[in-house]
Amino acid sequence: MNFKEKYNKIKSEAPHEVLKSQNAGELDKARSKYIGRKGVVTSLFKELGGIPHQERPLWGKKLNSLKKEIENLIEKQKNSIRKEKSKKEFFDPTLPVEHYRYPGRNPAARTMDEITSLFISMGFGVAYGPEIETEYNNFTALNFPKDHPARDMQDTFYVDENWLLRTHTSPVQIRVMKESKPPVKLVAPGKCYRRDTLDASHLPVFHQVEGLMIDRKISFSHLKGVLECFTRKYFGGKVKTRFRPSFFPFTEPSAEVDISCTICMGKGCSSCSGKGWLEILGAGMVDPNVLENCGIDKNKWQGFAFGMGVERIAMLKYGIDDIRYFIQNDKRFLEQF
Ligand code: DAH
């Protein structure tokens, strides 16, 4: 293409291209294509040197006015894009409001309060402990010997050798028993941390409610009575509770507690993997070693303890199938509570 052909091509195409730009980005592209530093009009200026001497002023003038013409068109298009945009954004105060239910509290916080209130109604007190705990309170005093494999079940964020982010709310038991004399009857709600990878059933930060009752002549049947009362009040009168033997270093004997599946009523469905039962918490009789570690006479006092994951309880109650919903702050999830 010679100089003249290039000029004609630009003159016929440029206006079209500028005027079809729909937004600032497209307009910018058109500007740099034609009159930017590397634009085609700009490079045509550089080719003026190759034009015969006598025609050069004429083509120089033509190029200048073509450039001006494109600049004007760009300005015009810019204004009309702006007008179009403000028309779209026009705020009409007479339109009816969008009815919107403001999300309530996060269901984990709410569930933790509900569980705590239920135990308060059964005469339990409430105790809190710090989220940064000593390795001693979190493990050693709870009868996890150093290097015991049970510590591996709770993959831990260590602050240093002696301090960690508590992996459960059980260390609150230790704090209370060391500081006060029995009888003790309390629940300890709060945040816990484990080095778990985030997936549908694990969060590295989650909540637990721990329970502890120490008195004279406390037996496993007291534990069963209290927990059955809790499951019936929380999940409804028809729910059945089952205790399975298990192991925790700080209780002896230990049990895992299940409730009959709230979806299929115990018949077996996909939520309970066909078993008819859902695991809800761990519990047991406080190991005499734990009492001794806290300076309590194991011959005079006994007790039970239990611990439950708050998100897990909420998931079972509301049929939530992915624990990550609790932390995504998605209005569509939060609005439902
Ligand atoms: N601390 C246990 C955990 O996080 C839960 C637990 C089980 C607490 C049994 C208890 C108990 O007090 O008796 O896995």
# chains A, B, ... in the order shown; residues from 1 in each chain; ligands from 1
>>> residues_near_ligand(ligand="ligand 1", cutoff="9 Å", atoms="only C-alpha atoms and all ligand atoms", output="MDAnalysis selection string")
chainID A and resid 153:154 167:171 173 192 208:212 247:252 254:256 281:286 304:309
>>> select_by_dssp(residues="region 161-276 of chain A", states="helix (DSSP H, G or I)", output="short mmCIF file (atom, residue, chain, number, x, y, z; two decimals) with C-alpha atoms, in the first residue's frame")
data_model
loop_
_atom_site.label_atom_id
_atom_site.label_comp_id
_atom_site.auth_asym_id
_atom_site.auth_seq_id
_atom_site.Cartn_x
_atom_site.Cartn_y
_atom_site.Cartn_z
CA PRO A 171 -7.62 -27.63 78.84
CA VAL A 172 -10.29 -25.41 80.43
CA GLN A 173 -11.05 -28.47 82.63
CA ILE A 174 -7.49 -28.36 83.90
CA ARG A 175 -7.54 -24.62 84.57
CA VAL A 176 -10.81 -24.83 86.51
CA MET A 177 -9.87 -27.92 88.54
CA LYS A 178 -6.50 -26.42 89.47
CA GLU A 179 -8.07 -23.14 90.53
CA PHE A 220 -21.44 -43.27 84.06
CA SER A 221 -25.22 -43.25 84.38
CA HIS A 222 -25.09 -39.55 85.32
CA LEU A 223 -23.17 -38.94 82.12
CA LYS A 224 -25.75 -40.87 80.11
CA GLY A 225 -28.62 -39.03 81.76
CA VAL A 226 -27.16 -35.58 81.12
CA LEU A 227 -26.23 -36.29 77.50
CA GLU A 228 -29.54 -37.96 76.68
CA CYS A 229 -31.31 -34.96 78.11
CA PHE A 230 -29.15 -32.71 75.93
CA THR A 231 -29.72 -34.66 72.69
CA ARG A 232 -33.46 -34.81 73.24
CA LYS A 233 -33.72 -31.12 74.00
CA TYR A 234 -31.49 -30.12 71.12
CA PHE A 235 -32.46 -32.54 68.35
#
>>> residues_around(residues="Ile214 (chain A)", least_positions_apart="3", cutoff="9 Å", atoms="only C-alpha atoms", output="count of residues only")
12
>>> atom_distance(atom1="CA of Ile74 (chain A)", atom2="CA of Val18 (chain A)")
6.1 Å
>>> closest_residue(among="A:Asn72, A:Glu114, A:Val159, A:Lys146", to="Ile132 (chain A)", atoms="only C-alpha atoms")
A:Val159
>>> closest_residue(among="A:Arg110, A:Lys46, A:Lys76, A:Lys9", to="Phe337 (chain A)", atoms="only C-alpha atoms")
A:Arg110
>>> select_by_dssp(residues="region 143-177 of chain A", states="strand (DSSP E or B)", output="list in words")
Tyr158, Trp163, Leu164 and Leu165 of chain A
>>> atom_distance(atom1="CA of Leu291 (chain A)", atom2="CA of Ala141 (chain A)")
9.1 Å
>>> atom_distance(atom1="CA of Lys61 (chain A)", atom2="CA of Asn8 (chain A)")
14.4 Å
>>> residues_around(residues="region 200-206 of chain A", least_positions_apart="5", cutoff="6 Å", atoms="only C-alpha atoms", output="PyMOL selection string")
chain A and resi 191-195+322-323
